[in-house]
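*Asks:* This one is upload-v3.txt, compact mmCIF, C-alpha atoms.
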# COMPACT_ATOMS: atom_id res chain seq x y z
CA MET A 1219 -23.55 9.82 3.70
CA ILE A 1220 -20.33 7.87 4.27
CA ALA A 1221 -17.00 9.67 4.73
CA VAL A 1222 -13.60 8.09 4.10
CA THR A 1223 -10.30 9.57 5.23
CA GLY A 1224 -6.68 8.74 4.56
CA GLY A 1225 -3.95 9.57 2.09
CA GLY A 1226 -0.35 10.53 1.51
CA THR A 1227 0.87 7.27 -0.02
CA GLY A 1228 -0.61 4.42 -2.04
CA GLY A 1229 -0.74 2.29 1.10
CA HIS A 1230 -3.41 4.61 2.50
CA ILE A 1231 -5.05 5.64 -0.78
CA PHE A 1232 -5.55 2.32 -2.59
CA PRO A 1233 -7.48 0.59 0.24
CA ASN A 1234 -9.86 3.56 0.32
CA ILE A 1235 -10.41 3.13 -3.42
CA ALA A 1236 -11.24 -0.56 -2.88
CA ILE A 1237 -13.75 0.35 -0.15
CA ILE A 1238 -15.39 3.00 -2.36
CA GLU A 1239 -15.64 0.50 -5.24
CA GLU A 1240 -17.35 -2.03 -2.96
CA LEU A 1241 -19.75 0.61 -1.60
CA ARG A 1242 -20.73 1.51 -5.16
CA ARG A 1243 -21.38 -2.14 -5.97
CA ARG A 1244 -23.96 -1.92 -3.18
CA ASP A 1245 -25.50 1.22 -4.72
CA VAL A 1246 -24.03 3.53 -2.10
CA ASP A 1247 -23.00 6.72 -3.91
CA ASN A 1248 -23.26 9.40 -1.22
CA ILE A 1249 -19.56 9.32 -0.31
CA ILE A 1250 -17.02 12.04 0.52
CA TRP A 1251 -13.22 11.85 0.94
CA ILE A 1252 -11.39 13.87 3.62
CA GLY A 1253 -7.63 14.23 3.15
CA THR A 1254 -4.83 16.77 3.24
CA ARG A 1255 -4.93 19.90 1.15
CA GLY A 1256 -2.88 19.31 -1.98
CA GLY A 1257 -2.40 15.63 -1.09
CA THR A 1258 -2.15 12.91 -3.76
CA GLU A 1259 -5.47 11.52 -2.55
CA LYS A 1260 -7.28 14.55 -4.00
CA GLU A 1261 -6.36 13.42 -7.52
CA PHE A 1262 -7.66 9.89 -6.92
CA ALA A 1263 -10.90 11.18 -5.39
CA GLY A 1264 -11.36 13.29 -8.52
CA ARG A 1265 -10.92 10.29 -10.78
CA LEU A 1266 -13.60 8.47 -8.83
CA GLY A 1267 -15.93 11.47 -8.91
CA ILE A 1268 -15.89 11.69 -5.10
CA PRO A 1269 -16.21 15.14 -3.46
CA PHE A 1270 -12.90 15.93 -1.72
CA TYR A 1271 -12.33 18.09 1.34
CA GLY A 1272 -8.87 19.01 2.59
CA VAL A 1273 -7.89 19.70 6.20
CA ARG A 1274 -4.57 20.44 7.88
CA THR A 1275 -2.68 17.82 9.85
CA GLY A 1276 0.72 17.15 11.38
CA LYS A 1277 2.98 14.17 11.93
CA LEU A 1278 3.72 13.28 15.55
CA ARG A 1279 7.02 11.54 16.20
CA ARG A 1280 7.93 9.00 18.89
CA TYR A 1281 11.17 10.86 19.60
CA PHE A 1282 11.72 14.42 20.85
CA SER A 1283 11.69 16.98 18.07
CA ILE A 1284 10.84 20.68 17.97
CA LYS A 1285 8.74 19.82 14.91
CA ASN A 1286 6.30 17.99 17.22
CA LEU A 1287 5.28 21.32 18.75
CA VAL A 1288 4.48 22.75 15.32
CA ASP A 1289 2.70 19.60 14.17
CA ILE A 1290 0.54 19.43 17.30
CA PHE A 1291 -0.64 22.92 16.42
CA TRP A 1292 -1.54 21.81 12.88
CA VAL A 1293 -3.36 18.74 14.22
CA PHE A 1294 -5.41 21.06 16.44
CA ILE A 1295 -6.21 23.30 13.45
CA GLY A 1296 -7.13 20.18 11.45
CA VAL A 1297 -9.54 19.05 14.16
CA ILE A 1298 -11.28 22.45 14.11
CA GLN A 1299 -11.53 22.30 10.29
CA ALA A 1300 -12.82 18.72 10.39
CA LEU A 1301 -15.35 19.61 13.09
CA THR A 1302 -16.73 22.42 10.93
CA LEU A 1303 -16.89 20.15 7.89
CA LEU A 1304 -18.46 17.12 9.60
CA LYS A 1305 -20.96 19.25 11.54
CA LYS A 1306 -22.13 20.69 8.21
CA LEU A 1307 -22.22 17.42 6.20
CA ARG A 1308 -23.17 15.02 9.02
CA PRO A 1309 -22.02 11.67 7.57
CA GLU A 1310 -23.46 8.65 9.34
CA VAL A 1311 -20.10 6.89 9.57
CA LEU A 1312 -16.40 7.66 8.97
CA PHE A 1313 -14.03 5.04 7.56
CA SER A 1314 -10.39 5.78 8.38
CA LYS A 1315 -7.47 4.17 6.58
CA GLY A 1316 -5.07 5.38 9.23
CA GLY A 1317 -1.99 7.54 8.89
CA PHE A 1318 -1.71 11.03 10.31
CA VAL A 1319 -4.00 12.39 7.59
CA SER A 1320 -6.83 10.60 9.40
CA VAL A 1321 -6.20 11.80 12.96
CA PRO A 1322 -8.04 15.17 12.85
CA PRO A 1323 -11.18 13.83 11.09
CA VAL A 1324 -11.35 10.86 13.49
CA ILE A 1325 -11.08 13.07 16.59
CA ALA A 1326 -13.71 15.42 15.14
CA ALA A 1327 -16.02 12.48 14.38
CA ARG A 1328 -15.73 11.23 17.96
CA ILE A 1329 -16.61 14.68 19.33
CA LEU A 1330 -19.70 14.72 17.08
CA ARG A 1331 -20.55 11.10 17.99
CA ILE A 1332 -20.15 9.90 14.41
CA PRO A 1333 -19.14 6.19 14.45
CA VAL A 1334 -15.60 5.48 13.22
CA VAL A 1335 -14.39 2.28 11.56
CA THR A 1336 -10.62 2.17 11.04
CA HIS A 1337 -8.21 -0.20 9.30
CA GLU A 1338 -4.55 -1.09 9.96
CA SER A 1339 -2.65 -2.68 7.06
CA ASP A 1340 0.75 -3.31 8.65
CA THR A 1341 1.66 -6.28 10.82
CA VAL A 1342 2.54 -3.93 13.73
CA PRO A 1343 0.23 -0.92 14.31
CA GLY A 1344 1.69 2.55 13.92
CA LEU A 1345 1.32 5.47 16.29
CA SER A 1346 -1.55 6.98 14.29
CA THR A 1347 -3.54 3.73 14.50
CA LYS A 1348 -2.92 3.56 18.24
CA ILE A 1349 -4.36 7.06 18.57
CA ILE A 1350 -7.26 6.47 16.15
CA SER A 1351 -8.20 3.11 17.70
CA ARG A 1352 -9.10 4.91 20.95
CA PHE A 1353 -11.90 6.68 19.10
CA ALA A 1354 -13.03 3.87 16.77
CA LYS A 1355 -16.01 1.55 17.18
CA VAL A 1356 -14.22 -1.20 15.21
CA VAL A 1357 -10.56 -1.72 14.28
CA CYS A 1358 -10.04 -3.88 11.17
CA VAL A 1359 -6.61 -5.46 10.66
CA GLY A 1360 -4.87 -6.82 7.58
CA PHE A 1361 -3.01 -9.71 9.23
CA GLU A 1362 -4.27 -12.14 11.84
CA ASP A 1363 -1.16 -11.69 14.00
CA THR A 1364 -2.00 -7.99 14.39
CA LEU A 1365 -5.02 -8.83 16.57
CA ARG A 1366 -2.69 -9.32 19.55
CA TYR A 1367 -1.97 -5.58 19.71
CA PHE A 1368 -5.58 -4.76 20.62
CA LYS A 1369 -7.83 -5.73 23.50
CA GLU A 1370 -10.00 -8.74 22.83
CA GLY A 1371 -13.18 -7.75 21.01
CA ARG A 1372 -11.77 -4.41 19.80
CA ALA A 1373 -10.30 -5.64 16.52
CA VAL A 1374 -11.49 -7.82 13.64
CA TYR A 1375 -9.28 -9.70 11.18
CA THR A 1376 -10.55 -8.73 7.72
CA GLY A 1377 -7.43 -8.72 5.56
CA ASN A 1378 -6.38 -5.82 3.33
CA PRO A 1379 -8.72 -4.44 0.62
CA ILE A 1380 -7.95 -5.09 -3.08
CA ARG A 1381 -8.77 -2.62 -5.86
CA ASP A 1382 -10.68 -3.67 -8.97
CA VAL A 1383 -7.68 -2.86 -11.18
CA ILE A 1384 -5.82 -5.63 -9.33
CA ARG A 1385 -8.71 -8.09 -9.15
CA ASN A 1386 -9.58 -7.77 -12.84
CA SER A 1387 -6.05 -8.41 -14.12
CA ASP A 1388 -4.96 -10.43 -17.15
CA PRO A 1389 -1.36 -11.70 -17.54
CA HIS A 1390 -1.66 -11.98 -21.34
CA ARG A 1391 -2.68 -8.34 -21.50
CA GLY A 1392 0.30 -7.50 -19.28
CA LEU A 1393 2.80 -9.31 -21.52
CA LYS A 1394 1.31 -7.68 -24.61
CA HIS A 1395 1.71 -4.27 -23.00
CA LEU A 1396 5.35 -4.97 -22.14
CA GLY A 1397 6.15 -6.15 -25.67
CA PHE A 1398 9.17 -8.30 -24.89
CA LYS A 1399 10.43 -10.24 -27.93
CA ASN A 1400 11.29 -13.29 -25.86
CA SER A 1401 9.69 -15.68 -23.38
CA LEU A 1402 12.12 -15.11 -20.50
CA PRO A 1403 10.82 -14.78 -16.91
CA VAL A 1404 9.67 -11.30 -15.88
CA VAL A 1405 11.16 -9.70 -12.77
CA PHE A 1406 9.02 -6.74 -11.70
CA VAL A 1407 10.87 -4.15 -9.59
CA VAL A 1408 8.53 -1.84 -7.67
CA GLY A 1409 9.95 0.98 -5.59
CA GLY A 1410 6.55 2.17 -4.46
CA SER A 1411 4.31 4.87 -5.93
CA LEU A 1412 6.88 7.53 -5.00
CA GLY A 1413 9.85 5.52 -6.25
CA ALA A 1414 12.90 4.47 -4.24
CA SER A 1415 16.28 5.98 -5.14
CA LYS A 1416 18.33 3.11 -3.70
CA ILE A 1417 16.36 0.50 -5.64
CA ASN A 1418 16.31 2.63 -8.81
CA ASN A 1419 20.08 3.11 -8.77
CA THR A 1420 20.62 -0.60 -8.20
CA VAL A 1421 18.48 -1.53 -11.21
CA TRP A 1422 20.16 1.06 -13.43
CA GLU A 1423 23.59 -0.15 -12.31
CA LEU A 1424 22.57 -3.67 -13.26
CA CYS A 1425 21.39 -2.48 -16.69
CA ASP A 1426 24.68 -0.62 -17.21
CA SER A 1427 26.82 -3.60 -16.21
CA SER A 1428 28.56 -5.98 -18.57
CA GLU A 1429 26.03 -8.66 -17.59
CA ALA A 1430 23.08 -6.66 -18.95
CA GLY A 1431 23.41 -8.05 -22.46
CA SER A 1432 23.24 -11.65 -21.23
CA LEU A 1433 20.39 -11.42 -18.71
CA LYS A 1434 18.30 -14.57 -18.45
CA PHE A 1435 15.25 -12.60 -17.37
CA ASN A 1436 13.34 -9.47 -18.33
CA ILE A 1437 13.19 -6.48 -15.96
CA VAL A 1438 10.11 -4.30 -15.56
CA HIS A 1439 10.86 -1.27 -13.42
CA GLN A 1440 8.47 1.24 -11.83
CA CYS A 1441 10.85 4.06 -10.88
CA GLY A 1442 8.47 6.76 -9.58
CA LYS A 1443 7.08 10.00 -10.98
CA GLY A 1444 9.75 12.27 -12.45
CA LYS A 1445 12.55 9.75 -11.82
CA ARG A 1446 12.82 8.16 -15.24
CA ARG A 1447 16.33 7.71 -16.60
CA GLU A 1448 16.90 7.96 -20.34
CA GLY A 1449 19.46 6.15 -22.44
CA LEU A 1450 18.86 2.61 -21.15
CA ASN A 1451 18.54 0.61 -24.33
CA THR A 1452 18.68 -2.90 -22.91
CA SER A 1453 16.15 -4.99 -24.85
CA ASN A 1454 15.28 -6.90 -21.66
CA TYR A 1455 14.30 -3.74 -19.76
CA ARG A 1456 11.07 -1.74 -19.54
CA GLN A 1457 10.88 1.43 -17.45
CA TYR A 1458 7.74 3.19 -16.21
CA GLU A 1459 7.31 6.13 -13.87
CA ILE A 1460 3.88 5.08 -12.58
CA LEU A 1461 1.80 2.07 -13.58
CA GLU A 1462 -1.91 2.48 -12.98
CA ASP A 1463 -4.42 0.54 -15.09
CA GLU A 1464 -1.67 -1.90 -16.19
CA MET A 1465 -0.41 -2.58 -12.66
CA GLY A 1466 -2.46 -5.71 -12.00
CA ASP A 1467 -1.80 -7.15 -15.46
CA ILE A 1468 1.96 -6.81 -15.07
CA LEU A 1469 1.99 -8.12 -11.49
CA LYS A 1470 0.10 -11.20 -12.62
CA ALA A 1471 2.44 -11.70 -15.60
CA SER A 1472 5.56 -11.51 -13.41
CA THR A 1473 7.62 -14.42 -12.12
CA ILE A 1474 9.28 -12.58 -9.22
CA ILE A 1475 8.37 -9.28 -7.53
CA VAL A 1476 11.16 -7.10 -6.11
CA SER A 1477 9.62 -4.53 -3.80
CA ARG A 1478 9.68 -2.44 -0.69
CA ALA A 1479 7.64 -4.05 2.08
CA GLY A 1480 4.72 -1.70 2.51
CA ALA A 1481 1.51 -3.48 3.45
CA GLY A 1482 -0.19 -2.49 0.19
CA ALA A 1483 2.56 -4.02 -1.94
CA LEU A 1484 2.63 -7.21 0.15
CA ASN A 1485 -1.13 -7.51 -0.10
CA GLU A 1486 -1.00 -7.47 -3.89
CA ILE A 1487 1.94 -9.90 -3.89
CA GLY A 1488 -0.14 -12.23 -1.71
CA PHE A 1489 -3.23 -11.78 -3.89
CA PHE A 1490 -1.34 -13.08 -6.93
CA GLY A 1491 0.59 -15.69 -4.94
CA LYS A 1492 3.95 -14.41 -6.15
CA PRO A 1493 7.40 -15.08 -4.71
CA SER A 1494 9.14 -11.86 -3.77
CA ILE A 1495 12.44 -10.27 -2.83
CA LEU A 1496 11.72 -7.60 -0.22
CA ILE A 1497 13.89 -4.55 0.47
CA PRO A 1498 12.20 -2.78 3.40
CA LEU A 1499 12.78 0.86 4.22
CA PRO A 1500 15.48 1.16 6.91
CA THR A 1501 14.67 2.61 10.33
CA SER A 1502 16.48 5.80 9.32
CA GLN A 1503 13.60 6.49 6.92
CA SER A 1504 10.66 4.90 8.76
CA ARG A 1505 9.38 3.63 12.09
CA GLY A 1506 10.42 0.12 11.05
CA GLU A 1507 6.98 -1.14 9.93
CA GLN A 1508 8.34 -2.39 6.60
CA ILE A 1509 11.04 -4.42 8.35
CA ASN A 1510 8.34 -6.04 10.51
CA ASN A 1511 6.20 -6.71 7.43
CA ALA A 1512 9.12 -8.23 5.53
CA HIS A 1513 10.11 -10.52 8.40
CA TYR A 1514 6.50 -11.68 8.66
CA PHE A 1515 6.63 -12.86 5.02
CA VAL A 1516 10.14 -14.29 5.35
CA ASP A 1517 9.19 -16.23 8.50
CA LYS A 1518 6.31 -17.78 6.53
CA ASN A 1519 8.77 -18.80 3.74
CA ALA A 1520 6.97 -16.47 1.33
CA ALA A 1521 9.80 -14.04 0.54
CA ILE A 1522 13.53 -13.34 0.63
CA LEU A 1523 14.85 -10.30 2.49
CA ILE A 1524 17.64 -7.99 1.34
CA PRO A 1525 18.39 -5.29 3.94
CA ASP A 1526 18.52 -1.84 2.36
CA GLU A 1527 22.12 -1.28 3.46
CA LYS A 1528 23.23 -4.53 1.76
CA LEU A 1529 21.47 -3.90 -1.56
CA SER A 1530 23.67 -3.76 -4.65
CA SER A 1531 23.34 -4.84 -8.27
CA GLN A 1532 25.51 -7.89 -7.55
CA VAL A 1533 23.38 -8.96 -4.56
CA LEU A 1534 20.13 -8.44 -6.47
CA MET A 1535 21.45 -10.35 -9.50
CA LYS A 1536 22.55 -13.23 -7.26
CA GLU A 1537 19.22 -13.53 -5.44
CA VAL A 1538 17.12 -13.34 -8.61
CA SER A 1539 19.31 -15.84 -10.47
CA GLU A 1540 19.31 -18.33 -7.59
CA LEU A 1541 15.52 -18.18 -7.31
CA LEU A 1542 15.00 -18.66 -11.04
CA ASP A 1543 17.26 -21.72 -10.89
CA LYS A 1544 14.94 -23.26 -8.25
CA PRO A 1545 11.43 -23.45 -9.77
CA GLU A 1546 10.13 -25.64 -6.93
CA LYS A 1547 11.21 -23.06 -4.35
CA LEU A 1548 9.61 -20.30 -6.42
CA GLU A 1549 6.33 -22.18 -6.55
CA ARG A 1550 6.38 -22.94 -2.82
CA MET A 1551 7.12 -19.30 -1.92
CA GLY A 1552 4.24 -18.13 -4.10
CA GLU A 1553 1.84 -20.61 -2.51
CA ASN A 1554 2.91 -19.47 0.97
CA ALA A 1555 2.41 -15.80 0.03
CA GLY A 1556 -1.11 -16.60 -1.17
CA LYS A 1557 -1.96 -18.21 2.18
CA LEU A 1558 -1.23 -14.91 3.96
CA LEU A 1559 -4.05 -13.12 2.13
CA ARG A 1560 -7.68 -13.03 3.19
CA ASP A 1561 -9.53 -12.54 -0.08
CA SER A 1562 -12.70 -10.85 1.14
CA ALA A 1563 -11.43 -7.77 2.94
CA GLU A 1564 -13.36 -5.01 1.20
CA ARG A 1565 -16.61 -6.98 1.49
CA GLU A 1566 -16.11 -7.67 5.21
CA ILE A 1567 -15.11 -4.06 5.95
CA VAL A 1568 -18.12 -2.65 4.08
CA ASP A 1569 -20.36 -5.07 5.99
CA ILE A 1570 -19.03 -3.47 9.19
CA ILE A 1571 -19.43 0.08 7.82
CA GLN A 1572 -23.02 -0.64 6.86
CA ARG A 1573 -23.91 -1.56 10.43
CA PHE A 1574 -23.72 2.17 11.10
CA TYR A 1575 -25.21 3.30 7.78
CA LYS A 1576 -28.98 3.47 7.88
CA LYS A 1577 -29.92 4.31 4.29
Is it possible to express this structure as structure tokens?

*Replies:*
Amino acid sequence: MIAVTGGGTGGHIFPNIAIIEELRRRDVDNIIWIGTRGGTEKEFAGRLGIPFYGVRTGKLRRYFSIKNLVDIFWVFIGVIQALTLLKKLRPEVLFSKGGFVSVPPVIAARILRIPVVTHESDTVPGLSTKIISRFAKVVCVGFEDTLRYFKEGRAVYTGNPIRDVIRNSDPHRGLKHLGFKNSLPVVFVVGGSLGASKINNTVWELCDSSEAGSLKFNIVHQCGKGKRREGLNTSNYRQYEILEDEMGDILKASTIIVSRAGAGALNEIGFFGKPSILIPLPTSQSRGEQINNAHYFVDKNAAILIPDEKLSSQVLMKEVSELLDKPEKLERMGENAGKLLRDSAEREIVDIIQRFYKK
């Protein structure tokens, strides 16, 4: 049996899906998923037909907070729950996608001497990865520069896993799904699987502006579950709460991607070799990993950065228009983004997992 753990957001869920898909291609079907009770990952495990087990966990912060005392308690409870579960099921190896969802199962696996393989997607490791890496046999990283944060021989550069729904994409199918009545460039605005209020409001403001009727590009907008706004009748605009099976098709059909800078989003941007405008989460809402990710792409001339505090409909319109007026720059940015991807991640990671899997 192989256990996978991770969840909370798409950045932790989607790589697990890619690993499970690769395991199944190798006729490995005895797989379980350990996540948080009531977490989004439970739904995805169900779609894949993977048995799901929920445990408690807590989020530890780098700064002083009374919440840390409560969350340490929940981490301890989660470790006890994970110990009971793993002792009963006895998987031969645990694959961890990181995040605080993974901490209790990883600690429990170490206590039971179950080998752990973990993966870090971001350019700079987070606190959970720093904790988990102490218990892991192998640390896989999504970007080559990330190797410098680990002792030599502890980490392996594999790249970030890609799901089949992204790999098996078709731009013609994407354009057909969108149904635009013109051949204008497509600008795909992605606020993440949970949506992003600042980005959503900026796009809606642009659609409400006097310039909306004369846009020289089409806008496709993933706004997040339950965040759809009605009454936007611009013919150049398509709005979706969540894109699932169509995600890869639309990404491939797009000319420019406007996105947060989570590692999962950047990985898919790199896979398709697309130029992007990145709007990373500010440090008031994160530990700053998205800012580091965005600067990594910008420094490689693969993206343009708009700080969250400077985002407005006018700024977004200006950046998109200027890029579309420079096709050579667009092409060069896309090529550079493609060079940042290692296109064999799920295969290399499963090779490592199978070192510890006997059957």

*Asks:* So how far away is atom CA of A:Ala1563 from atom CA of A:Val1408, in Å?

*Replies:* 23.4 Å

*Asks:* Taking (10.8, -0.2, 7.4) in the file's coordinates as the center, which residues reach within 10 Å of it, counting all atoms listed in the file, put as an mmCIF file with C-alpha atoms, keeping the file's coordinate frame?

*Replies:*
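Wrote point08.cif, looks like this:
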data_model
loop_
_atom_site.group_PDB
_atom_site.id
_atom_site.type_symbol
_atom_site.label_atom_id
_atom_site.label_comp_id
_atom_site.auth_asym_id
_atom_site.auth_seq_id
_atom_site.Cartn_x
_atom_site.Cartn_y
_atom_site.Cartn_z
ATOM 1 C CA ARG A 1478 9.680 -2.440 -0.690
ATOM 2 C CA ALA A 1479 7.640 -4.050 2.080
ATOM 3 C CA GLY A 1480 4.720 -1.700 2.510
ATOM 4 C CA ILE A 1497 13.890 -4.550 0.470
ATOM 5 C CA PRO A 1498 12.200 -2.780 3.400
ATOM 6 C CA LEU A 1499 12.780 0.860 4.220
ATOM 7 C CA PRO A 1500 15.480 1.160 6.910
ATOM 8 C CA THR A 1501 14.670 2.610 10.330
ATOM 9 C CA SER A 1502 16.480 5.800 9.320
ATOM 10 C CA GLN A 1503 13.600 6.490 6.920
ATOM 11 C CA SER A 1504 10.660 4.900 8.760
ATOM 12 C CA ARG A 1505 9.380 3.630 12.090
ATOM 13 C CA GLY A 1506 10.420 0.120 11.050
ATOM 14 C CA GLU A 1507 6.980 -1.140 9.930
ATOM 15 C CA GLN A 1508 8.340 -2.390 6.600
ATOM 16 C CA ILE A 1509 11.040 -4.420 8.350
ATOM 17 C CA ASN A 1510 8.340 -6.040 10.510
ATOM 18 C CA ASN A 1511 6.200 -6.710 7.430
ATOM 19 C CA ALA A 1512 9.120 -8.230 5.530
ATOM 20 C CA PRO A 1525 18.390 -5.290 3.940
ATOM 21 C CA ASP A 1526 18.520 -1.840 2.360
#

*Asks:* Please provide as a ChimeraX atom specification all residues within 6 Å of stretch 1310-1312 of chain A, with the sequence filter that same-chain residues fewer than 4 positions apart are discarded (counting only C-alpha atoms).

*Replies:* /A:1219-1222,1332-1334,1575

*Asks:* Quick one: everything within 9 Å of A:Ser1351, counting all atoms listed in the file, minus sequence neighbours fewer than 2 positions away in the same chain. Send it as a list in words.

*Replies:* Val1334, Val1335, Thr1336, Ser1346, Thr1347, Lys1348, Ile1349, Phe1353, Ala1354, Lys1355, Val1356, Val1357, Phe1368 and Arg1372 of chain A

*Asks:* Generate a file of the selected residues that holds C-alpha atoms, formatted as a CSV table (one decimal), in the coordinates of the input.

*Replies:*
chain,number,residue,atom,x,y,z
A,1334,VAL,CA,-15.6,5.5,13.2
A,1335,VAL,CA,-14.4,2.3,11.6
A,1336,THR,CA,-10.6,2.2,11.0
A,1346,SER,CA,-1.6,7.0,14.3
A,1347,THR,CA,-3.5,3.7,14.5
A,1348,LYS,CA,-2.9,3.6,18.2
A,1349,ILE,CA,-4.4,7.1,18.6
A,1353,PHE,CA,-11.9,6.7,19.1
A,1354,ALA,CA,-13.0,3.9,16.8
A,1355,LYS,CA,-16.0,1.6,17.2
A,1356,VAL,CA,-14.2,-1.2,15.2
A,1357,VAL,CA,-10.6,-1.7,14.3
A,1368,PHE,CA,-5.6,-4.8,20.6
A,1372,ARG,CA,-11.8,-4.4,19.8

*Asks:* Tell me which of A:Leu1559, A:Lys1434, A:Ile1567, A:Lys1576 sits closest to A:Cys1358, counting only C-alpha atoms.

*Replies:*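 Smallest separation from A:Cys1358 among the options: A:Ile1567.
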
*Asks:* Excluding same-chain residues fewer than 3 positions from A:Glu1566, what lies within 12 Å of it counting all atoms listed in the file, as a JSON list (two decimals) with C-alpha atoms, keeping the file's coordinate frame?

*Replies:*
[["chain", "number", "residue", "atom", "x", "y", "z"],
["A", 1236, "ALA", "CA", -11.24, -0.56, -2.88],
["A", 1237, "ILE", "CA", -13.75, 0.35, -0.15],
["A", 1240, "GLU", "CA", -17.35, -2.03, -2.96],
["A", 1241, "LEU", "CA", -19.75, 0.61, -1.60],
["A", 1335, "VAL", "CA", -14.39, 2.28, 11.56],
["A", 1337, "HIS", "CA", -8.21, -0.20, 9.30],
["A", 1358, "CYS", "CA", -10.04, -3.88, 11.17],
["A", 1359, "VAL", "CA", -6.61, -5.46, 10.66],
["A", 1360, "GLY", "CA", -4.87, -6.82, 7.58],
["A", 1374, "VAL", "CA", -11.49, -7.82, 13.64],
["A", 1375, "TYR", "CA", -9.28, -9.70, 11.18],
["A", 1376, "THR", "CA", -10.55, -8.73, 7.72],
["A", 1377, "GLY", "CA", -7.43, -8.72, 5.56],
["A", 1378, "ASN", "CA", -6.38, -5.82, 3.33],
["A", 1379, "PRO", "CA", -8.72, -4.44, 0.62],
["A", 1380, "ILE", "CA", -7.95, -5.09, -3.08],
["A", 1560, "ARG", "CA", -7.68, -13.03, 3.19],
["A", 1561, "ASP", "CA", -9.53, -12.54, -0.08],
["A", 1562, "SER", "CA", -12.70, -10.85, 1.14],
["A", 1563, "ALA", "CA", -11.43, -7.77, 2.94],
["A", 1569, "ASP", "CA", -20.36, -5.07, 5.99],
["A", 1570, "ILE", "CA", -19.03, -3.47, 9.19],
["A", 1571, "ILE", "CA", -19.43, 0.08, 7.82],
["A", 1572, "GLN", "CA", -23.02, -0.64, 6.86],
["A", 1573, "ARG", "CA", -23.91, -1.56, 10.43]]

*Asks:* At a cut-off of 12 Å, using only C-alpha atoms, what residues contact stretch 1291-1307 of chain A? Leave out same-chain residues fewer than 6 positions from it and give the result as a PyMOL selection string.

*Replies:* chain A and resi 1219-1223+1248-1255+1269-1278+1284-1285+1318-1333+1346

*Asks:* What does the distance from atom CA of A:Leu1541 to atom CA of A:Asp1517 come to in Å, to one decimal?

*Replies:*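 These two atoms are separated by 17.1 Å.
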
*Asks:* What's the 9 Å shell around A:Leu1396, counting only C-alpha atoms, without same-chain residues fewer than 3 positions away, as number ranges by chain?

*Replies:* A: 1391-1393, 1438, 1456, 1468

*Asks:* Take the residues from that selection and write them out as an mmCIF file, in the coordinates of the input, keeping C-alpha atoms.

*Replies:*
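This went into selection_2.cif:
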data_model
loop_
_atom_site.group_PDB
_atom_site.id
_atom_site.type_symbol
_atom_site.label_atom_id
_atom_site.label_comp_id
_atom_site.auth_asym_id
_atom_site.auth_seq_id
_atom_site.Cartn_x
_atom_site.Cartn_y
_atom_site.Cartn_z
ATOM 1 C CA ARG A 1391 -2.680 -8.340 -21.500
ATOM 2 C CA GLY A 1392 0.300 -7.500 -19.280
ATOM 3 C CA LEU A 1393 2.800 -9.310 -21.520
ATOM 4 C CA VAL A 1438 10.110 -4.300 -15.560
ATOM 5 C CA ARG A 1456 11.070 -1.740 -19.540
ATOM 6 C CA ILE A 1468 1.960 -6.810 -15.070
#

*Asks:* Please identify all polymer residues lying at most 12 Å from the point (1.1, 6.6, -2.6) (file coordinates), using only C-alpha atoms, and present the result as a PyMOL selection string.

*Replies:* chain A and resi 1224-1234+1257-1262+1317+1409-1413+1442-1443+1460-1462+1480-1483

*Asks:* Between atom CA of A:Leu1496 and atom CA of A:Pro1389, what distance in Å does the model show, to one decimal?

*Replies:*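 Between atom CA of A:Leu1496 and atom CA of A:Pro1389 the gap works out to 22.1 Å.
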